[in-house]
$ cat target_28.cif   # mmCIF, C-alpha atoms and all ligand atoms
data_query
#
loop_
_atom_site.group_PDB
_atom_site.id
_atom_site.type_symbol
_atom_site.label_atom_id
_atom_site.label_comp_id
_atom_site.auth_asym_id
_atom_site.auth_seq_id
_atom_site.Cartn_x
_atom_site.Cartn_y
_atom_site.Cartn_z
ATOM 1 C CA MET A 1 78.438 -62.457 -144.638
ATOM 2 C CA LEU A 2 79.353 -65.796 -143.047
ATOM 3 C CA GLU A 3 82.789 -64.422 -142.278
ATOM 4 C CA ALA A 4 81.249 -61.454 -140.502
ATOM 5 C CA ILE A 5 79.082 -63.758 -138.371
ATOM 6 C CA ALA A 6 82.078 -65.964 -137.592
ATOM 7 C CA GLY A 7 83.993 -62.823 -136.653
ATOM 8 C CA ASP A 8 81.165 -61.721 -134.360
ATOM 9 C CA ALA A 9 81.006 -65.159 -132.755
ATOM 10 C CA ALA A 10 84.719 -65.039 -132.048
ATOM 11 C CA ALA A 11 84.391 -61.570 -130.578
ATOM 12 C CA ILE A 12 81.479 -62.670 -128.383
ATOM 13 C CA ALA A 13 83.430 -65.763 -127.255
ATOM 14 C CA GLN A 14 86.405 -63.575 -126.389
ATOM 15 C CA PHE A 15 84.199 -61.088 -124.559
ATOM 16 C CA GLY A 16 82.469 -64.000 -122.850
ATOM 17 C CA THR A 17 85.759 -64.926 -121.198
ATOM 18 C CA PHE A 18 85.657 -61.608 -119.376
ATOM 19 C CA LEU A 19 81.992 -61.788 -118.510
ATOM 20 C CA GLU A 20 81.505 -65.481 -117.739
ATOM 21 C CA MET A 21 80.860 -64.810 -114.053
ATOM 22 C CA THR A 22 78.344 -62.179 -113.077
ATOM 23 C CA GLN A 23 79.291 -59.444 -110.629
ATOM 24 C CA PRO A 24 77.185 -60.965 -107.789
ATOM 25 C CA GLU A 25 78.939 -64.306 -108.385
ATOM 26 C CA ILE A 26 82.372 -62.691 -108.184
ATOM 27 C CA PHE A 27 81.260 -60.794 -105.072
ATOM 28 C CA GLU A 28 80.196 -64.106 -103.496
ATOM 29 C CA ALA A 29 83.489 -65.777 -104.452
ATOM 30 C CA VAL A 30 85.377 -62.953 -102.723
ATOM 31 C CA GLN A 31 83.203 -63.117 -99.572
ATOM 32 C CA ASP A 32 83.646 -66.913 -99.387
ATOM 33 C CA ASP A 33 87.422 -66.476 -99.281
ATOM 34 C CA ALA A 34 87.932 -64.964 -95.808
ATOM 35 C CA LEU A 35 91.656 -64.377 -96.334
ATOM 36 C CA LEU A 36 91.095 -62.579 -99.620
ATOM 37 C CA SER A 37 88.225 -60.382 -98.468
ATOM 38 C CA ALA A 38 90.135 -59.455 -95.273
ATOM 39 C CA SER A 39 92.983 -58.186 -97.462
ATOM 40 C CA PHE A 40 90.491 -55.703 -98.950
ATOM 41 C CA TRP A 41 88.553 -54.716 -95.800
ATOM 42 C CA VAL A 42 91.691 -53.962 -93.786
ATOM 43 C CA ASN A 43 92.707 -51.403 -96.397
ATOM 44 C CA ILE A 44 89.226 -49.840 -96.549
ATOM 45 C CA ALA A 45 89.395 -49.322 -92.771
ATOM 46 C CA LEU A 46 92.955 -47.960 -92.804
ATOM 47 C CA ALA A 47 92.255 -45.652 -95.749
ATOM 48 C CA GLY A 48 89.189 -44.255 -93.933
ATOM 49 C CA LEU A 49 91.164 -43.606 -90.752
ATOM 50 C CA SER A 50 94.028 -42.043 -92.738
ATOM 51 C CA ILE A 51 91.672 -39.627 -94.490
ATOM 52 C CA LEU A 52 90.314 -38.369 -91.159
ATOM 53 C CA LEU A 53 93.773 -38.148 -89.610
ATOM 54 C CA PHE A 54 95.358 -36.321 -92.566
ATOM 55 C CA VAL A 55 92.545 -33.756 -92.763
ATOM 56 C CA TYR A 56 93.054 -33.103 -89.049
ATOM 57 C CA MET A 57 96.846 -32.853 -89.419
ATOM 58 C CA GLY A 58 96.502 -30.312 -92.238
ATOM 59 C CA ARG A 59 93.973 -28.049 -90.517
ATOM 60 C CA ASN A 60 96.462 -25.214 -89.824
ATOM 61 C CA VAL A 61 98.660 -25.448 -92.922
ATOM 62 C CA LYS A 62 98.649 -22.081 -94.730
ATOM 63 C CA ASP A 63 101.490 -22.114 -97.272
ATOM 64 C CA PRO A 64 100.161 -22.944 -100.784
ATOM 65 C CA ARG A 65 103.012 -25.360 -101.574
ATOM 66 C CA ALA A 66 102.580 -27.192 -98.270
ATOM 67 C CA GLN A 67 98.822 -27.254 -98.932
ATOM 68 C CA LEU A 68 99.453 -28.806 -102.349
ATOM 69 C CA ILE A 69 101.583 -31.521 -100.719
ATOM 70 C CA PHE A 70 98.702 -32.150 -98.302
ATOM 71 C CA VAL A 71 96.072 -32.332 -101.048
ATOM 72 C CA ALA A 72 98.183 -34.646 -103.233
ATOM 73 C CA THR A 73 98.930 -36.918 -100.266
ATOM 74 C CA LEU A 74 95.317 -36.920 -99.110
ATOM 75 C CA MET A 75 94.342 -38.169 -102.572
ATOM 76 C CA VAL A 76 96.281 -41.389 -101.881
ATOM 77 C CA PRO A 77 93.897 -42.829 -99.227
ATOM 78 C CA LEU A 78 90.927 -41.339 -101.112
ATOM 79 C CA VAL A 79 91.866 -43.271 -104.257
ATOM 80 C CA SER A 80 92.667 -46.284 -102.097
ATOM 81 C CA ILE A 81 89.271 -46.460 -100.401
ATOM 82 C CA SER A 82 87.630 -46.279 -103.837
ATOM 83 C CA SER A 83 90.003 -48.889 -105.237
ATOM 84 C CA TYR A 84 89.368 -51.412 -102.460
ATOM 85 C CA THR A 85 85.607 -50.792 -102.604
ATOM 86 C CA GLY A 86 85.798 -51.691 -106.294
ATOM 87 C CA LEU A 87 87.681 -54.894 -105.467
ATOM 88 C CA VAL A 88 85.529 -56.023 -102.547
ATOM 89 C CA SER A 89 82.315 -55.475 -104.514
ATOM 90 C CA GLY A 90 83.534 -57.575 -107.423
ATOM 91 C CA LEU A 91 83.285 -54.602 -109.791
ATOM 92 C CA THR A 92 86.991 -54.450 -110.675
ATOM 93 C CA ILE A 93 87.843 -58.163 -110.486
ATOM 94 C CA SER A 94 87.527 -60.680 -113.315
ATOM 95 C CA PHE A 95 88.182 -64.357 -113.751
ATOM 96 C CA LEU A 96 90.360 -64.682 -116.864
ATOM 97 C CA GLU A 97 91.374 -67.852 -118.704
ATOM 98 C CA MET A 98 95.162 -67.997 -118.888
ATOM 99 C CA PRO A 99 96.736 -68.667 -122.292
ATOM 100 C CA ALA A 100 98.823 -71.703 -123.301
ATOM 101 C CA GLY A 101 102.289 -71.587 -121.770
ATOM 102 C CA HIS A 102 101.085 -70.080 -118.483
ATOM 103 C CA ALA A 103 101.479 -72.232 -115.340
ATOM 104 C CA LEU A 104 97.677 -72.218 -114.969
ATOM 105 C CA ALA A 105 96.920 -72.472 -118.720
ATOM 106 C CA GLY A 106 93.246 -73.052 -119.439
ATOM 107 C CA GLU A 107 92.218 -72.243 -115.855
ATOM 108 C CA GLU A 108 90.191 -69.232 -114.788
ATOM 109 C CA VAL A 109 92.411 -67.016 -112.664
ATOM 110 C CA LEU A 110 91.076 -64.236 -110.450
ATOM 111 C CA THR A 111 92.606 -60.997 -111.708
ATOM 112 C CA MET A 112 92.432 -57.904 -109.507
ATOM 113 C CA TRP A 113 92.790 -55.543 -112.440
ATOM 114 C CA GLY A 114 91.199 -52.651 -110.505
ATOM 115 C CA ARG A 115 94.424 -52.423 -108.509
ATOM 116 C CA TYR A 116 96.511 -51.591 -111.580
ATOM 117 C CA LEU A 117 93.920 -49.150 -112.840
ATOM 118 C CA THR A 118 93.755 -47.175 -109.600
ATOM 119 C CA TRP A 119 97.537 -47.193 -109.165
ATOM 120 C CA ALA A 120 97.539 -44.966 -112.242
ATOM 121 C CA LEU A 121 95.779 -42.375 -110.049
ATOM 122 C CA SER A 122 97.369 -42.940 -106.639
ATOM 123 C CA THR A 123 101.055 -43.372 -107.530
ATOM 124 C CA PRO A 124 101.327 -40.037 -109.416
ATOM 125 C CA MET A 125 99.992 -38.349 -106.260
ATOM 126 C CA ILE A 126 102.734 -39.973 -104.174
ATOM 127 C CA LEU A 127 105.366 -38.824 -106.673
ATOM 128 C CA LEU A 128 103.913 -35.321 -106.981
ATOM 129 C CA ALA A 129 104.141 -34.929 -103.201
ATOM 130 C CA LEU A 130 107.715 -36.258 -103.188
ATOM 131 C CA GLY A 131 108.718 -33.997 -106.092
ATOM 132 C CA LEU A 132 107.341 -30.936 -104.290
ATOM 133 C CA LEU A 133 109.209 -31.971 -101.148
ATOM 134 C CA ALA A 134 112.497 -32.334 -103.051
ATOM 135 C CA GLY A 135 112.005 -29.139 -105.062
ATOM 136 C CA SER A 136 111.912 -30.827 -108.458
ATOM 137 C CA ASN A 137 112.025 -28.870 -111.694
ATOM 138 C CA ALA A 138 109.105 -29.222 -114.117
ATOM 139 C CA THR A 139 111.008 -31.471 -116.540
ATOM 140 C CA ASP A 140 111.854 -34.149 -113.961
ATOM 141 C CA LEU A 141 108.366 -33.950 -112.475
ATOM 142 C CA PHE A 142 106.702 -34.377 -115.867
ATOM 143 C CA THR A 143 109.072 -37.219 -116.799
ATOM 144 C CA ILE A 144 108.480 -39.223 -113.632
ATOM 145 C CA LEU A 145 104.695 -38.740 -113.733
ATOM 146 C CA VAL A 146 104.388 -39.815 -117.352
ATOM 147 C CA ALA A 147 106.677 -42.816 -116.801
ATOM 148 C CA ASP A 148 104.745 -43.803 -113.681
ATOM 149 C CA ILE A 149 101.303 -43.644 -115.306
ATOM 150 C CA SER A 150 102.687 -45.582 -118.285
ATOM 151 C CA MET A 151 104.082 -48.205 -115.882
ATOM 152 C CA CYS A 152 100.637 -48.715 -114.332
ATOM 153 C CA VAL A 153 98.744 -48.803 -117.622
ATOM 154 C CA THR A 154 101.153 -51.283 -119.235
ATOM 155 C CA GLY A 155 101.011 -53.351 -116.015
ATOM 156 C CA LEU A 156 97.223 -53.384 -116.452
ATOM 157 C CA ALA A 157 97.727 -54.547 -120.051
ATOM 158 C CA ALA A 158 100.012 -57.370 -118.824
ATOM 159 C CA ALA A 159 97.314 -58.575 -116.435
ATOM 160 C CA LEU A 160 94.473 -58.374 -118.980
ATOM 161 C CA THR A 161 96.224 -59.935 -121.994
ATOM 162 C CA VAL A 162 94.884 -63.481 -122.397
ATOM 163 C CA SER A 163 95.692 -64.031 -126.068
ATOM 164 C CA SER A 164 99.385 -64.835 -125.649
ATOM 165 C CA HIS A 165 101.589 -65.810 -122.735
ATOM 166 C CA GLY A 166 104.645 -64.215 -124.388
ATOM 167 C CA LEU A 167 102.834 -60.906 -124.819
ATOM 168 C CA ARG A 168 101.797 -60.853 -121.174
ATOM 169 C CA TRP A 169 105.471 -60.886 -120.282
ATOM 170 C CA PHE A 170 106.327 -58.399 -123.017
ATOM 171 C CA TRP A 171 103.884 -55.921 -121.409
ATOM 172 C CA TYR A 172 105.501 -56.694 -118.073
ATOM 173 C CA PHE A 173 108.914 -55.899 -119.554
ATOM 174 C CA ILE A 174 107.660 -52.572 -120.983
ATOM 175 C CA SER A 175 106.191 -51.687 -117.596
ATOM 176 C CA CYS A 176 109.547 -52.471 -115.938
ATOM 177 C CA MET A 177 111.302 -50.102 -118.371
ATOM 178 C CA PHE A 178 108.989 -47.276 -117.284
ATOM 179 C CA PHE A 179 109.664 -48.256 -113.679
ATOM 180 C CA LEU A 180 113.408 -47.788 -114.287
ATOM 181 C CA VAL A 181 112.741 -44.178 -115.323
ATOM 182 C CA VAL A 182 110.801 -43.633 -112.092
ATOM 183 C CA LEU A 183 113.671 -45.121 -110.071
ATOM 184 C CA TYR A 184 116.215 -42.967 -111.897
ATOM 185 C CA VAL A 185 114.473 -39.698 -111.006
ATOM 186 C CA LEU A 186 113.855 -40.857 -107.431
ATOM 187 C CA LEU A 187 117.376 -42.132 -106.793
ATOM 188 C CA VAL A 188 119.533 -39.826 -108.905
ATOM 189 C CA LYS A 189 117.781 -36.532 -109.728
ATOM 190 C CA TRP A 190 115.635 -35.670 -106.732
ATOM 191 C CA PRO A 191 118.196 -36.348 -103.969
ATOM 192 C CA GLU A 192 120.330 -33.547 -105.468
ATOM 193 C CA ASP A 193 117.350 -31.163 -105.444
ATOM 194 C CA ALA A 194 116.430 -32.120 -101.884
ATOM 195 C CA LYS A 195 119.992 -31.446 -100.759
ATOM 196 C CA ALA A 196 119.970 -28.003 -102.352
ATOM 197 C CA ASN A 197 116.609 -27.174 -100.784
ATOM 198 C CA GLY A 198 117.194 -28.340 -97.198
ATOM 199 C CA THR A 199 114.824 -31.332 -97.267
ATOM 200 C CA ALA A 200 117.437 -34.057 -97.784
ATOM 201 C CA GLU A 201 116.881 -35.884 -94.495
ATOM 202 C CA ILE A 202 113.136 -36.460 -94.758
ATOM 203 C CA PHE A 203 113.382 -36.933 -98.527
ATOM 204 C CA ASN A 204 115.986 -39.687 -98.154
ATOM 205 C CA THR A 205 113.916 -41.524 -95.532
ATOM 206 C CA LEU A 206 110.845 -41.425 -97.793
ATOM 207 C CA LYS A 207 112.908 -42.309 -100.854
ATOM 208 C CA ILE A 208 114.259 -45.484 -99.218
ATOM 209 C CA LEU A 209 110.801 -46.448 -97.965
ATOM 210 C CA THR A 210 109.271 -45.829 -101.400
ATOM 211 C CA VAL A 211 111.914 -47.647 -103.436
ATOM 212 C CA ALA A 212 111.950 -50.651 -101.065
ATOM 213 C CA MET A 213 108.146 -51.003 -101.117
ATOM 214 C CA TRP A 214 107.637 -50.275 -104.812
ATOM 215 C CA LEU A 215 110.161 -52.973 -105.792
ATOM 216 C CA GLY A 216 107.875 -55.481 -104.070
ATOM 217 C CA TYR A 217 104.972 -54.924 -106.497
ATOM 218 C CA PRO A 218 106.608 -56.283 -109.692
ATOM 219 C CA ILE A 219 108.145 -59.122 -107.656
ATOM 220 C CA PHE A 220 104.750 -60.220 -106.314
ATOM 221 C CA TRP A 221 103.154 -59.774 -109.740
ATOM 222 C CA ALA A 222 105.744 -62.155 -111.190
ATOM 223 C CA LEU A 223 105.368 -64.719 -108.366
ATOM 224 C CA GLY A 224 101.559 -64.505 -108.162
ATOM 225 C CA ALA A 225 98.840 -66.222 -110.166
ATOM 226 C CA GLU A 226 99.201 -63.709 -112.981
ATOM 227 C CA GLY A 227 102.907 -64.488 -113.375
ATOM 228 C CA ILE A 228 104.582 -67.834 -112.671
ATOM 229 C CA ALA A 229 101.880 -68.752 -110.115
ATOM 230 C CA VAL A 230 103.984 -69.933 -107.182
ATOM 231 C CA LEU A 231 101.839 -67.813 -104.831
ATOM 232 C CA ASP A 232 98.055 -68.172 -104.704
ATOM 233 C CA VAL A 233 95.645 -65.302 -105.215
ATOM 234 C CA ALA A 234 94.861 -64.565 -101.543
ATOM 235 C CA ILE A 235 98.552 -64.512 -100.583
ATOM 236 C CA THR A 236 99.377 -62.222 -103.511
ATOM 237 C CA SER A 237 96.510 -59.955 -102.533
ATOM 238 C CA TRP A 238 97.792 -59.762 -98.950
ATOM 239 C CA ALA A 239 101.278 -59.008 -100.267
ATOM 240 C CA TYR A 240 99.908 -56.034 -102.247
ATOM 241 C CA SER A 241 97.742 -54.946 -99.322
ATOM 242 C CA GLY A 242 100.728 -55.098 -96.948
ATOM 243 C CA LEU A 243 102.909 -53.115 -99.348
ATOM 244 C CA ASP A 244 100.062 -50.604 -99.717
ATOM 245 C CA ILE A 245 99.867 -50.078 -95.970
ATOM 246 C CA VAL A 246 103.511 -49.009 -95.805
ATOM 247 C CA ALA A 247 103.825 -47.343 -99.231
ATOM 248 C CA LYS A 248 100.651 -45.295 -98.763
ATOM 249 C CA TYR A 249 99.482 -44.727 -95.195
ATOM 250 C CA ILE A 250 102.789 -44.916 -93.310
ATOM 251 C CA PHE A 251 104.537 -42.992 -96.094
ATOM 252 C CA ALA A 252 101.837 -40.314 -96.069
ATOM 253 C CA PHE A 253 101.862 -39.991 -92.300
ATOM 254 C CA LEU A 254 105.650 -39.478 -92.163
ATOM 255 C CA LEU A 255 105.521 -36.934 -94.985
ATOM 256 C CA LEU A 256 102.586 -34.911 -93.682
ATOM 257 C CA ASN A 257 103.853 -34.945 -90.111
ATOM 258 C CA TRP A 258 107.141 -33.450 -91.316
ATOM 259 C CA VAL A 259 105.479 -30.886 -93.603
ATOM 260 C CA ALA A 260 103.103 -29.699 -90.851
ATOM 261 C CA LYS A 261 106.064 -29.138 -88.516
ATOM 262 C CA ASN A 262 108.401 -27.595 -91.118
ATOM 263 C CA GLU A 263 106.032 -25.473 -93.186
ATOM 264 C CA SER A 264 108.530 -22.586 -93.365
ATOM 265 C CA VAL A 265 111.143 -24.790 -95.107
ATOM 266 C CA ILE A 266 108.573 -25.695 -97.763
ATOM 267 C CA ALA A 267 107.406 -22.072 -98.074
ATOM 268 C CA ASP A 268 110.968 -20.932 -98.885
ATOM 269 C CA MET A 269 111.479 -23.386 -101.740
ATOM 270 C CA PRO A 270 111.646 -22.203 -105.375
ATOM 271 C CA SER A 271 108.502 -22.752 -107.412
ATOM 272 C CA VAL A 272 108.332 -25.596 -109.929
ATOM 273 C CA GLY A 273 109.868 -24.363 -113.184
ATOM 274 C CA VAL A 274 112.113 -25.248 -116.083
ATOM 275 C CA ASP A 275 115.713 -24.685 -114.999
ATOM 276 C CA ARG A 276 117.653 -23.478 -118.038
ATOM 277 C CA SER A 277 121.007 -22.862 -116.322
ATOM 278 C CA GLY A 278 122.425 -26.338 -116.972
ATOM 279 C CA ALA A 279 120.844 -26.883 -120.411
ATOM 280 C CA SER A 280 123.141 -26.874 -123.417
ATOM 281 C CA GLY A 281 122.523 -23.886 -125.628
ATOM 282 C CA ALA A 282 120.640 -22.108 -122.844
ATOM 283 C CA ALA A 283 123.156 -19.270 -122.536
ATOM 284 C CA PRO A 284 122.304 -16.223 -124.624
ATOM 285 C CA ALA A 285 124.240 -15.963 -127.924
ATOM 286 C CA ASP A 286 127.436 -13.938 -127.584
ATOM 287 C CA ASP A 287 126.982 -11.562 -130.491
HETATM 288 C C1 LIG B 301 103.494 -53.995 -112.042
HETATM 289 C C2 LIG B 301 103.620 -55.169 -113.037
HETATM 290 C C3 LIG B 301 104.405 -54.849 -114.220
HETATM 291 C C4 LIG B 301 105.804 -54.402 -113.875
HETATM 292 C C5 LIG B 301 105.843 -53.380 -112.797
HETATM 293 C C6 LIG B 301 104.791 -53.180 -111.924
HETATM 294 C C7 LIG B 301 104.970 -52.132 -110.880
HETATM 295 C C8 LIG B 301 104.087 -51.670 -110.028
HETATM 296 C C9 LIG B 301 104.321 -50.721 -108.981
HETATM 297 C C10 LIG B 301 103.236 -50.348 -108.257
HETATM 298 C C11 LIG B 301 103.188 -49.456 -107.156
HETATM 299 C C12 LIG B 301 102.012 -49.239 -106.576
HETATM 300 C C13 LIG B 301 101.741 -48.399 -105.455
HETATM 301 C C14 LIG B 301 100.440 -48.185 -105.179
HETATM 302 C C15 LIG B 301 99.943 -47.320 -104.190
HETATM 303 O O1 LIG B 301 98.827 -46.878 -104.278
HETATM 304 C C16 LIG B 301 102.367 -53.098 -112.536
HETATM 305 C C17 LIG B 301 103.113 -54.672 -110.748
HETATM 306 C C18 LIG B 301 107.121 -52.587 -112.698
HETATM 307 C C19 LIG B 301 105.672 -50.181 -108.706
HETATM 308 C C20 LIG B 301 102.811 -47.751 -104.687
#
$ encode --input "target_28.cif" --output "structure tokens" --more "lines below"
Ligand code: RET
Amino acid sequence: MLEAIAGDAAAIAQFGTFLEMTQPEIFEAVQDDALLSASFWVNIALAGLSILLFVYMGRNVKDPRAQLIFVATLMVPLVSISSYTGLVSGLTISFLEMPAGHALAGEEVLTMWGRYLTWALSTPMILLALGLLAGSNATDLFTILVADISMCVTGLAAALTVSSHGLRWFWYFISCMFFLVVLYVLLVKWPEDAKANGTAEIFNTLKILTVAMWLGYPIFWALGAEGIAVLDVAITSWAYSGLDIVAKYIFAFLLLNWVAKNESVIADMPSVGVDRSGASGAAPADD
């Protein structure tokens, strides 16, 4: 009985770490930090403008594959506006006490965990649009999407783990392994498909933009308050917001502008399927 109560007390204490500050208090803390709150509001404004612009740009697109690229890409600013509204309202931000071994051990660090959560929705949309542009087969598309969502969820786990400093970095390492899978498909598999399907030029531009921007996220995570803490929270938040502006809105504009002008190229591409020609054992038995 006593053990159960002690267990409950420990659980409540642990839970208390997450809930020590109320949502209005977190909201106030964000508003008081002009630099931090600007990093959120700028993205809410840009996401809103992007949504209107992309709907306008897609008004005459008729081909179903081109329409799918438009819908997937439009989801990016839609998720973004929701994500930043969650952050600015204090709903998806917590102050977490860092474990022993962390540069800010024992201090409450502002953790923007809503970012990692919503990346699990926005980044697959970016990759789906890119995969459709390249003419990916179903296997590569499934692989990259699963690896990408896993990268975001394990990144979320890295940010929320407060029990052990070592385990925070172990989650980070796992997330990086998933990221390598994403990079492999983007840099090795899809360029071949894009070449075969006549979309190599635009695909390569977007590939370089995507890889360059996406590499910034784990770097800023590691340098920010959640990692080795050489950058403060507002600077880290601006770094993510800046990367978001290029990786989401500028990326999406370039992609949709090209698709709207080259709808016939997209319309002629093969549908997403499982290509059995290169698979070992795929040839019919010779008997
Ligand atoms: C984390 C930390 C753990 C290690 C790795 C990460 C990678 C994150 C990336 C995020 C990209 C986000 C984008 C969002 C747009 O909406 C989670 C920071 C590898 C690559 C493009």
$ closest_residue --input "target_28.cif" --among "A:Ile26, A:Val109, A:Ala234, A:Leu180" --to "A:Leu91" --atoms "all atoms listed in the file"
A:Ile26
$ closest_residue --input "target_28.cif" --among "A:Trp119, A:Phe203, A:Phe173, A:Phe178" --to "A:Lys248" --atoms "all atoms listed in the file"
A:Trp119
$ residues_near_ligand --input "target_28.cif" --ligand "ligand LIG 301 (chain B)" --cutoff "7 Å" --atoms "all atoms listed in the file" --output "ChimeraX atom specification"
/A:76,80,116,119,122-123,151-152,154-156,158,172-173,175-176,179,214-215,217-218,221,244,247-248
$ residues_around --input "target_28.cif" --residues "A:Gly86" --least-positions-apart "2" --cutoff "12 Å" --atoms "all atoms listed in the file" --output "ChimeraX atom specification"
/A:23,26-27,30,37,40-41,44,79-84,88-94,112-118
$ atom_distance --input "target_28.cif" --atom1 "atom CA of A:His102" --atom2 "atom CA of A:Leu167"
11.3 Å
$ atom_distance --input "target_28.cif" --atom1 "atom CA of A:Leu145" --atom2 "atom CA of A:Leu254"
21.6 Å
$ decode --input "target_28.cif" --residues "stretch 58-94 of chain A" --atoms "C-alpha atoms" --output "compact mmCIF listing (two decimals), in the first residue's frame"
# COMPACT_ATOMS: atom_id res chain seq x y z
CA GLY A 58 -3.79 25.82 -58.52
CA ARG A 59 -7.15 27.13 -59.72
CA ASN A 60 -6.79 25.77 -63.29
CA VAL A 61 -4.90 22.54 -62.62
CA LYS A 62 -6.89 19.60 -64.02
CA ASP A 63 -4.59 16.56 -64.09
CA PRO A 64 -5.21 14.31 -61.03
CA ARG A 65 -1.49 13.76 -60.36
CA ALA A 66 -0.74 17.48 -60.58
CA GLN A 67 -3.75 18.11 -58.33
CA LEU A 68 -2.36 15.64 -55.79
CA ILE A 69 0.97 17.50 -55.81
CA PHE A 70 -0.98 20.72 -55.19
CA VAL A 71 -3.02 19.26 -52.33
CA ALA A 72 0.03 17.70 -50.64
CA THR A 73 1.99 20.96 -50.97
CA LEU A 74 -0.93 23.06 -49.77
CA MET A 75 -1.02 20.93 -46.62
CA VAL A 76 2.45 22.26 -45.71
CA PRO A 77 1.38 25.86 -44.90
CA LEU A 78 -1.91 24.55 -43.47
CA VAL A 79 -0.05 22.38 -40.97
CA SER A 80 2.39 25.23 -40.39
CA ILE A 81 -0.25 27.80 -39.46
CA SER A 82 -1.71 25.30 -36.99
CA SER A 83 1.73 24.45 -35.63
CA TYR A 84 2.72 28.08 -35.00
CA THR A 85 -0.70 28.86 -33.48
CA GLY A 86 -0.04 26.02 -31.04
CA LEU A 87 3.37 27.48 -30.18
CA VAL A 88 2.31 31.11 -29.84
CA SER A 89 -0.63 30.19 -27.60
CA GLY A 90 1.56 28.20 -25.23
CA LEU A 91 -0.40 25.02 -25.95
CA THR A 92 2.51 23.05 -27.44
CA ILE A 93 5.37 24.50 -25.38
CA SER A 94 6.57 23.22 -22.01
